[in-house]
Amino acid sequence: MDELKLYTYIAVFGTFALYFAIAWWARAGSTSDFYVAGGGITPLQNGMAIGADWMSAASFISMAGLIAFLGYGGSVFLMGWTGGYVLLAMLLAPYMRKHGKFTVPEFISDRYYSKTARIVAVVCLIIASVTYVIGQMKGVGVAFSRFLEVDYDLGLVIGMVVVWVYAVLGGMKGITYTQIAQYVVMIFAYTIPAVFISLQLTGNPIPQLGLGSTLADGSGVYLLDKLDMVVTDLGFKEYTTSNMGGTLNMFAYTMSLMIGTAGLPHVIMRFFTVPSVQAARQSAGYALVFIALLYTVAPAVGAMARFNLMNTIEPAAGQNLEYAERPQWFKDWEKTGLLQFEDKNGDGKVQYTADAATNEMVKVDRDIMVLANPAIANLPNWVIALVAAGGLAAALSTAAGLLLAISSSVSHDLMKGVFVPDMSEKNELLAGRVTMTVAILFAGYLGMNPPGFAAGTVALAFGLAASSIFPALMMGIFSKKMSGKAAVSGMIAGIGVTMLYVFQHKGVMFIPGTSFLGDMGPNWFFGISPNAFGSVGALVNFAVAFAMLKVTGPAPSEIQDMVDHMRVPTGAGAAHDH
Amino acid sequence: MENKEAYWQENLRLIFICLAIWFAVSFGLGLLLVEPLNAIRLGGYKLGFWFAQQGSIYSFLGLIFWYGAKMNKLDKKYHAEG
């Protein structure tokens with residue numbers, strides 16, 4: 001076994017052992033432990049857990065790669081996935097915490113005095129969470145197969161067993177404490193390579209400052225200026241100004257991600273674990289501190305990875321890399337098929353240009369940027385091993401949060417809330433554990449046999465949360481008069497419009513060939529891409545709900561009193577069952 | 001607590017101020033005004049680019065903590081802690 005593999009085994013299985021130890025120590029004894037970790041989590045702990053819960057395999061592995069190739073256009077992910085926390089802190093979390101229930105559908109059912117509303121909310125939640133969890137499971141399988149050369153399916157099964165142990169045993173309590181550990185692993189794994197690379201390129205160890213510094217090669221040229229020059233010379237769009245589909249599209253995309261973030265149930269749920277309304281507001285702030293640690297480093301990782309990649313292939317204009325002398329990481333990633341070279345002009349050198357006719361780097365998968373980054377920069381093996389453990393921590397922590405959101409909506413909202421209201425606490429806890437097991441098996445199955453639509457569905461998850469859940473919650477708090485029937489009509493209209501738009505461009509249920517309008521710019525409504533359409537769906541939701549409110553008349557006075565009560569922090573107490 | 005309505009109005013005013021800033025730093029400076037701002041430099045960063053990839057996130061952080069601190073004061077003033 002070579003040194004790298006040994007270090008990787010130590011890092012991965014060492015962190016797994018830590019998660020198991022925490023799981024045993026934080027076993028759940030009651031439904032309150034299982035759903036809201038007993039309600040005694042401090043804001044700092046909760047902030048860290050939210051950070052791990054929120055930052056998925058997509059944030060850890062894919063985002064910097066997207067930024068590396070989109071440049072300025074990648075800003076939609078940076079602003080969109082952080083700006084949602086401002087909305088959570090001010091518009092949702094404090095009031096939902098005050099109301100003090102276990103789940104998001106339960107809040108919707110109380111506020112809109114309707115079991116239909118609860119079922120609609122459960123359906124939205126399950127669709128959004130299941131599509132999201134498939135991506136995490138795939139991330140686990142990929143991390144294992146690339147770093148440990150374990151079979152993809154076996155890697156997935158190991159991941160499922162690990163999540164099962166701490167999520168089923170500990171519920172929210174176990175998940176919270178393991179997420180705290182996973183956050184620490186993840187942030188070290190992300191920032192250590194970034195610090196090294198920033199130091200190499202600019203002499204500044206802080207990546208956020210390094211990105212704005214001059215190069216350390218003595219030329220006195222700013223890194224970003226040099227990058228702009230290198231990419232435009234090869235015919236690519238200028239890094240710092242390249243737009244993504246026009247200003248309106250970027251606007252709508254950012255807005256969809258922001259309100260989608262605020263409407264994702266597995267994030268909102270975490271705010272039910274703290275003891276007071278003040279603690280809920282504070283958790284949102286700490287959460288964003290921990291998220292920003294990674295998100296402000298990501299643009300540096302992206303730009304520096306692109307810079308190193310271009311520089312390896314063409315160290316100076318016209319002096320292209322000899323294919324025969326390509327570095328080891330180049331060969332490693334070629335084996336996976338994610339990096340492909342084709343010597344079109346037969347000169348034995350590598351040409352990487354924007355022109356498809358002469359470009360010889362026929363495939364450069366965006367996802368390899370973070371994973372290959374330490375190797376491209378010649379960092380020591382223990383750093384590469386740490387990245388593997390960090391990627392797994394990111395995928396596992398998010399998967400656990402999503403699985404808990406799914407299982408609690410089935411055991412608490414559907415079984416206890418709608419079908420078996422007189423279930424005992426002990427049975428509900430058992431039901432929660434059984435549902436969680438089923439959810440893990442289901443997610444694992446989908447991870448092994450990813451449906452054709454898996455790639456397109458993460459956008460759908462945000463679109464659904466943005467167009468259905470966020471408006472319903474916000475109106476429930478800020479419009480006392482909003483009635484149940486009007487809110488449900490709004491939710492259905494919002495989801496309906498968003499799904500219709502996504503399906504008409506991407507195919508019904510993402511089945512190729514069933515789209516009735518091609519997925520291309522000229523067919524898009526005002527040039528808004530399907531991924532960005534959740535914000536339009538949300539507008540439709542608000543409009544329909546307020547129009548229907550005129551028809552249905554206002555909510556009953558006892559509901560309006562409940563909203564009044566929700567708006568003041570006094571007497572919050574721990575989250576409870578009924 | 002007394003005077004829930006006044007407490008709520010003060011809260012709404014704070015939220016309005018925060019969301020106006022939230023919109024201005026991200027959609028305003030990072031998106032709509034990015035081109036004119038890019039003429040200004042912040043070290044190696046073009047200013048509009050910096051707001052889109054760094055500045056907006058720092059502003060969001062400041063906003064959440066500022067709102068939290070103001071609300072804690074408001075809770076005390078109206079005896080609404082809990």
# chains A, B, ... in the order shown; residues from 1 in each chain; ligands from 1
>>> interface_residues(of="chain B", to="chain A", cutoff="9 Å", atoms="only C-alpha atoms", output="PyMOL selection string")
chain B and resi 1+4-5+7-8+15+18-19+22+26-27+30-32+34-35+38+42-46+49-50+52-54+56-58+60-65+67-69+71-72+75+79-82
>>> residues_around(residues="A:Gly553", least_positions_apart="3", cutoff="10 Å", atoms="only C-alpha atoms", output="JSON, numbers by chain")
{"A": [481, 482, 483, 485, 486, 548, 549, 550, 556]}
>>> select_by_dssp(residues="chain B", states="strand (DSSP E or B)", output="ChimeraX atom specification")
/B:41-42,45-46
>>> write_last_selection(atoms="N, CA and C atoms", output="mmCIF file, in the first residue's frame")
data_model
loop_
_atom_site.group_PDB
_atom_site.id
_atom_site.type_symbol
_atom_site.label_atom_id
_atom_site.label_comp_id
_atom_site.auth_asym_id
_atom_site.auth_seq_id
_atom_site.Cartn_x
_atom_site.Cartn_y
_atom_site.Cartn_z
ATOM 1 N N ARG B 41 -10.919 49.755 -8.240
ATOM 2 C CA ARG B 41 -10.159 48.577 -7.823
ATOM 3 C C ARG B 41 -9.993 48.517 -6.315
ATOM 4 N N LEU B 42 -9.994 47.287 -5.802
ATOM 5 C CA LEU B 42 -9.714 47.046 -4.393
ATOM 6 C C LEU B 42 -8.550 46.064 -4.398
ATOM 7 N N TYR B 45 -8.723 43.058 -6.830
ATOM 8 C CA TYR B 45 -10.140 42.825 -7.107
ATOM 9 C C TYR B 45 -10.752 44.000 -7.860
ATOM 10 N N LYS B 46 -11.593 43.710 -8.854
ATOM 11 C CA LYS B 46 -12.504 44.739 -9.348
ATOM 12 C C LYS B 46 -13.617 44.836 -8.316
#
